[in-house]
file run.tsv (TSV, C-alpha atoms)
chain	number	residue	atom	x	y	z
P	88	MET	CA	-8.71	159.79	-109.46
P	89	PRO	CA	-9.03	159.42	-113.27
P	90	LEU	CA	-5.99	160.66	-115.17
P	91	SER	CA	-8.09	162.94	-117.44
P	92	ARG	CA	-9.59	164.77	-114.47
P	93	ALA	CA	-6.20	165.20	-112.84
P	94	LEU	CA	-4.97	166.82	-116.07
P	95	GLY	CA	-8.05	169.02	-116.37
P	96	ILE	CA	-9.26	167.22	-119.52
P	97	PHE	CA	-12.94	166.38	-120.04
P	98	PRO	CA	-13.25	164.48	-123.35
P	99	ASN	CA	-16.60	163.77	-124.96
P	100	ARG	CA	-18.03	160.27	-124.78
P	101	ALA	CA	-16.82	159.18	-128.22
P	102	VAL	CA	-13.24	160.16	-127.50
P	103	LEU	CA	-13.45	158.64	-124.02
P	104	PHE	CA	-14.75	155.36	-125.49
P	105	ALA	CA	-11.93	155.30	-128.04
P	106	GLY	CA	-9.38	155.85	-125.31
P	107	VAL	CA	-10.77	153.07	-123.19
P	108	ALA	CA	-10.82	150.71	-126.19
P	109	ALA	CA	-7.20	151.53	-127.02
P	110	ALA	CA	-6.19	150.93	-123.42
P	111	GLY	CA	-7.99	147.62	-123.50
P	112	LEU	CA	-6.05	146.56	-126.60
P	113	LEU	CA	-2.79	147.46	-124.92
P	114	LEU	CA	-3.71	145.47	-121.84
P	115	ALA	CA	-4.79	142.52	-123.97
P	116	ALA	CA	-1.59	142.44	-126.04
P	117	PRO	CA	0.54	140.49	-123.52
P	118	ALA	CA	-2.26	137.95	-123.09
P	119	ALA	CA	-2.51	137.50	-126.85
P	120	ARG	CA	1.21	136.95	-127.11
P	121	ALA	CA	1.05	134.40	-124.31
P	122	GLN	CA	-1.85	132.60	-125.97
P	123	PHE	CA	0.02	132.22	-129.25
P	124	SER	CA	3.47	131.67	-127.78
P	125	PRO	CA	5.26	128.42	-128.69
P	126	PRO	CA	4.18	125.35	-126.69
P	127	PRO	CA	6.45	123.92	-123.98
P	128	PRO	CA	9.43	121.96	-125.33
P	129	GLY	CA	7.96	118.65	-124.23
P	130	THR	CA	6.39	116.54	-121.54
P	131	GLN	CA	7.77	116.98	-118.06
P	132	VAL	CA	8.61	113.36	-117.25
P	133	HIS	CA	8.00	112.44	-113.61
P	134	ASP	CA	8.68	108.70	-113.84
P	135	PRO	CA	10.91	107.57	-116.73
P	136	SER	CA	11.02	103.91	-115.65
P	137	VAL	CA	8.76	102.70	-118.47
P	138	LEU	CA	10.41	104.78	-121.19
P	139	LYS	CA	12.61	101.97	-122.45
P	140	PRO	CA	12.43	99.34	-125.18
P	141	PRO	CA	11.01	95.86	-124.58
P	142	PRO	CA	13.64	93.26	-123.57
P	143	GLY	CA	15.86	92.36	-126.49
P	144	ALA	CA	15.35	95.63	-128.40
P	145	ARG	CA	17.85	98.47	-128.73
P	146	VAL	CA	15.38	101.09	-129.94
P	147	ALA	CA	11.58	101.37	-129.79
P	148	ILE	CA	8.73	103.80	-130.26
P	149	VAL	CA	6.58	104.31	-127.16
P	150	GLU	CA	3.23	106.06	-127.53
P	151	TRP	CA	0.23	107.02	-125.41
P	152	GLU	CA	-2.84	107.29	-127.63
P	153	ASP	CA	-6.56	108.01	-127.54
P	154	MET	CA	-8.48	106.24	-130.30
P	155	GLU	CA	-10.91	109.17	-130.66
P	156	CYS	CA	-8.12	111.74	-130.89
P	157	PRO	CA	-7.85	113.23	-134.43
P	158	ASP	CA	-4.14	113.95	-134.05
P	159	CYS	CA	-3.53	110.34	-132.97
P	160	ALA	CA	-5.24	109.27	-136.19
P	161	ARG	CA	-2.91	111.53	-138.17
P	162	ALA	CA	0.17	110.18	-136.40
P	163	ASN	CA	-0.83	106.52	-136.67
P	164	PRO	CA	0.25	105.78	-140.29
P	165	LEU	CA	3.62	107.48	-139.74
P	166	LEU	CA	4.38	105.47	-136.59
P	167	LYS	CA	3.30	102.24	-138.26
P	168	GLU	CA	5.51	102.97	-141.26
P	169	ALA	CA	8.51	103.89	-139.08
P	170	ALA	CA	8.24	100.76	-136.93
P	171	ALA	CA	8.14	98.61	-140.07
P	172	LYS	CA	10.96	100.47	-141.84
P	173	TYR	CA	13.37	100.17	-138.92
P	174	ASN	CA	12.00	96.82	-137.68
P	175	ILE	CA	11.65	98.17	-134.15
P	176	PRO	CA	8.89	97.64	-131.56
P	177	TRP	CA	6.02	100.11	-131.32
P	178	VAL	CA	4.67	100.04	-127.77
P	179	ARG	CA	1.14	101.48	-127.67
P	180	HIS	CA	-0.42	102.60	-124.39
P	181	ASP	CA	-4.05	103.63	-123.89
P	182	PHE	CA	-4.88	107.15	-122.69
P	183	PRO	CA	-8.61	107.67	-123.41
P	184	LEU	CA	-9.46	111.26	-122.60
P	185	PRO	CA	-12.60	111.76	-120.45
P	186	PHE	CA	-14.25	114.16	-122.92
P	187	HIS	CA	-14.12	111.62	-125.77
P	188	PRO	CA	-17.32	109.55	-125.41
P	189	TRP	CA	-16.36	106.38	-127.30
P	190	SER	CA	-12.59	106.26	-126.80
P	191	MET	CA	-12.79	104.01	-123.73
P	192	GLN	CA	-15.03	101.48	-125.50
P	193	ALA	CA	-12.71	101.45	-128.52
P	194	ALA	CA	-9.74	100.76	-126.25
P	195	VAL	CA	-11.64	97.92	-124.54
P	196	ASN	CA	-12.53	96.48	-127.95
P	197	ALA	CA	-8.87	96.57	-128.98
P	198	ARG	CA	-7.93	94.77	-125.78
P	199	TYR	CA	-10.48	92.08	-126.61
P	200	PHE	CA	-8.79	91.50	-129.97
P	201	ASP	CA	-5.42	91.51	-128.17
P	202	THR	CA	-6.62	88.37	-126.37
P	203	LYS	CA	-6.79	86.68	-129.78
P	204	SER	CA	-3.40	88.05	-130.86
P	205	LYS	CA	-1.51	91.30	-130.35
P	206	LYS	CA	-1.24	91.63	-134.11
P	207	LEU	CA	-5.02	91.49	-134.41
P	208	GLY	CA	-5.48	94.07	-131.65
P	209	ASP	CA	-3.14	96.50	-133.39
P	210	GLU	CA	-4.87	95.84	-136.69
P	211	TYR	CA	-8.15	96.86	-135.05
P	212	ARG	CA	-6.57	100.04	-133.66
P	213	ASP	CA	-5.25	100.96	-137.09
P	214	ALA	CA	-8.68	100.31	-138.65
P	215	VAL	CA	-10.46	102.47	-136.08
P	216	PHE	CA	-8.06	105.35	-136.71
P	217	ALA	CA	-8.57	104.99	-140.46
P	218	ASN	CA	-12.37	105.15	-140.02
P	219	GLN	CA	-12.45	107.55	-137.06
P	220	ILE	CA	-14.43	110.28	-138.78
P	221	SER	CA	-17.42	107.99	-139.41
P	222	PHE	CA	-17.83	107.31	-135.68
P	223	ALA	CA	-18.01	111.04	-134.94
P	224	GLU	CA	-21.20	111.20	-136.98
P	225	ASP	CA	-22.75	108.22	-135.19
P	226	PRO	CA	-21.02	106.72	-132.11
P	227	ASN	CA	-23.26	103.63	-132.35
P	228	ARG	CA	-21.47	102.82	-135.58
P	229	LEU	CA	-18.42	101.74	-133.56
P	230	ARG	CA	-20.27	98.58	-132.51
P	231	GLN	CA	-21.33	97.85	-136.08
P	232	PHE	CA	-17.79	98.44	-137.31
P	233	THR	CA	-16.38	96.15	-134.61
P	234	GLU	CA	-18.85	93.38	-135.45
P	235	GLN	CA	-17.91	93.63	-139.12
P	236	PHE	CA	-14.19	93.64	-138.28
P	237	ALA	CA	-14.65	90.46	-136.23
P	238	ALA	CA	-16.86	88.73	-138.80
P	239	GLU	CA	-14.38	89.35	-141.62
P	240	ARG	CA	-11.76	87.54	-139.51
P	241	LYS	CA	-14.16	84.75	-138.50
P	242	ILE	CA	-14.15	85.78	-134.83
P	243	ALA	CA	-17.30	85.44	-132.76
P	244	LEU	CA	-17.83	88.80	-131.06
P	245	PRO	CA	-19.77	88.38	-127.79
P	246	PHE	CA	-22.64	90.74	-127.00
P	247	ALA	CA	-20.83	91.76	-123.79
P	248	ILE	CA	-17.20	92.19	-124.75
P	249	ASP	CA	-15.98	92.85	-121.21
P	250	PRO	CA	-18.62	91.55	-118.78
P	251	LEU	CA	-16.34	91.54	-115.72
P	252	GLY	CA	-14.58	94.80	-116.52
P	253	LYS	CA	-11.12	93.20	-116.72
P	254	LEU	CA	-10.23	94.81	-120.04
P	255	GLN	CA	-11.42	98.22	-118.87
P	256	ALA	CA	-9.25	97.81	-115.79
P	257	GLU	CA	-6.25	97.24	-118.07
P	258	VAL	CA	-7.06	100.40	-120.03
P	259	LYS	CA	-7.40	102.38	-116.79
P	260	ALA	CA	-4.08	100.97	-115.58
P	261	ASP	CA	-2.44	102.26	-118.78
P	262	TYR	CA	-4.07	105.66	-118.20
P	263	ALA	CA	-2.78	105.72	-114.61
P	264	LEU	CA	0.68	104.76	-115.85
P	265	GLY	CA	0.55	107.66	-118.29
P	266	GLN	CA	-0.37	110.04	-115.49
P	267	ARG	CA	2.56	108.71	-113.45
P	268	VAL	CA	4.91	109.39	-116.35
P	269	GLY	CA	3.46	112.88	-116.84
P	270	ILE	CA	1.27	112.52	-119.95
P	271	GLU	CA	-0.88	115.61	-120.57
P	272	HIS	CA	-1.99	115.16	-124.18
P	273	THR	CA	-2.37	112.63	-126.96
P	274	PRO	CA	-0.54	111.46	-128.85
P	275	THR	CA	2.60	111.59	-126.73
P	276	ILE	CA	5.42	109.78	-128.49
P	277	TRP	CA	9.00	108.90	-127.55
P	278	VAL	CA	11.90	107.21	-129.24
P	279	VAL	CA	13.46	105.13	-126.45
P	280	THR	CA	16.76	103.28	-126.26
P	281	ALA	CA	18.62	100.68	-124.22
P	282	ASN	CA	22.29	101.07	-123.29
P	283	SER	CA	22.54	104.20	-125.41
P	284	LYS	CA	25.53	106.50	-125.62
P	285	GLY	CA	23.01	109.32	-126.03
P	286	ALA	CA	19.70	110.22	-124.39
P	287	PRO	CA	17.77	107.18	-123.12
P	288	PHE	CA	14.51	108.65	-124.45
P	289	VAL	CA	13.57	111.61	-126.66
P	290	GLU	CA	10.05	112.92	-127.12
P	291	VAL	CA	8.88	113.30	-130.71
P	292	VAL	CA	7.57	116.86	-130.50
P	293	ASP	CA	7.98	117.46	-134.25
P	294	ARG	CA	6.86	114.34	-136.12
P	295	SER	CA	8.65	115.44	-139.28
P	296	LYS	CA	11.86	114.61	-137.38
P	297	LEU	CA	10.79	111.09	-136.34
P	298	TYR	CA	13.11	109.30	-138.77
P	299	GLN	CA	15.98	111.58	-137.82
P	300	LEU	CA	15.47	110.75	-134.14
P	301	ILE	CA	15.33	107.03	-134.86
P	302	ASP	CA	18.50	107.24	-136.98
P	303	GLN	CA	20.26	108.96	-134.09
P	304	ALA	CA	18.97	106.37	-131.61
P	305	MET	CA	20.19	103.53	-133.85
P	306	GLU	CA	23.60	105.19	-134.09
P	307	ASP	CA	23.78	105.80	-130.33
P	308	THR	CA	23.01	102.14	-129.58
P	309	LYS	CA	25.25	100.62	-132.24
P	310	GLY	CA	27.20	97.77	-130.68
P	311	ALA	CA	25.07	97.83	-127.53
P	312	THR	CA	24.26	94.44	-126.09
P	313	THR	CA	20.72	93.71	-124.98
P	314	LYS	CA	19.41	90.71	-123.16
P	315	SER	CA	17.45	88.65	-125.65
P	316	VAL	CA	14.08	87.67	-124.24
P	317	ALA	CA	11.23	86.17	-126.24
P	318	ARG	CA	8.34	88.63	-126.60
P	319	ARG	CA	4.68	87.91	-127.10

call {"tool": "encode", "arguments": {"input": "run.tsv", "output": "structure tokens"}}
result
Amino acid sequence: MPLSRALGIFPNRAVLFAGVAAAGLLLAAPAARAQFSPPPPGTQVHDPSVLKPPPGARVAIVEWEDMECPDCARANPLLKEAAAKYNIPWVRHDFPLPFHPWSMQAAVNARYFDTKSKKLGDEYRDAVFANQISFAEDPNRLRQFTEQFAAERKIALPFAIDPLGKLQAEVKADYALGQRVGIEHTPTIWVVTANSKGAPFVEVVDRSKLYQLIDQAMEDTKGATTKSVARR
């Protein structure tokens, strides 16, 4: 039974409507607070086995990225600068999100340039991030951009970059690895360590603290011995 009838109250329609609206706002308030509540503290890591530096390194940055992701483009210069400043590896994994139409092709293109040299592949990734907004206007421009990138470096770009699908399989393997770790968004970034006195890996949730986290990782691994292995 409606509360107003139980109390013997019969409001007019305007008052009734106002009451219903007010009740609706009260009911919606918890949902609004939940919607704008702070995000979770970080990724729930299911498999930490790959969250470690390459052989021979004490500290590294490990990232899962989507080349069509605007936030990845914003993070890219900072990560590049940090890796250079501290002279530490920056391990970049592919995680092309299904709703980004050209991210998979961009990742395949980068893998093609990796076959020439890893430095060239990363240079292509950086260039795509720097020009990302132009591809949003016309996805076909990615091919034109890639052809120009190759021509400027005197590389013959084949019409079919990945005819057997081997490079795409590598990208998909990176995506599957990310799922195994627990990746849910891009970019997801960690500072990882070997033989550390502190945490073996820390997610960079607040990128303004990246240098602080690297400083701590360098301090925590000071004096640590790592097996020196030549890297590609």

call {"tool": "residues_around", "arguments": {"input": "run.tsv", "residues": "Trp151 in chain P", "least_positions_apart": "5", "cutoff": "10 Å", "atoms": "all atoms listed in the file", "output": "list in words"}}
result
Cys159, Val178, Arg179, His180, Asp181, Phe182, Pro183, Asp261, Tyr262, Leu264, Gly265, Ile270, Glu271, His272, Thr273, Pro274, Thr275, Ile276 and Trp277 of chain P

call {"tool": "closest_residue", "arguments": {"input": "run.tsv", "among": "P:Pro157, P:Val146, P:Ile248, P:Phe236", "to": "Tyr173 in chain P", "atoms": "only C-alpha atoms"}}
result
P:Val146

call {"tool": "closest_residue", "arguments": {"input": "run.tsv", "among": "P:Lys172, P:His133, P:Lys203, P:Arg198", "to": "Arg240 in chain P", "atoms": "only C-alpha atoms"}}
result
P:Lys203

call {"tool": "atom_distance", "arguments": {"input": "run.tsv", "atom1": "CA of Val215 in chain P", "atom2": "CA of Met154 in chain P"}}
result
7.2 Å

call {"tool": "residues_around", "arguments": {"input": "run.tsv", "residues": "Leu165 in chain P", "least_positions_apart": "6", "cutoff": "10 Å", "atoms": "all atoms listed in the file", "output": "list in words"}}
result
Ala171, Arg294, Ser295, Leu297 and Tyr298 of chain P

call {"tool": "closest_residue", "arguments": {"input": "run.tsv", "among": "P:Ala197, P:Cys156, P:Leu138, P:Ile301", "to": "Ala281 in chain P", "atoms": "all atoms listed in the file"}}
result
P:Leu138
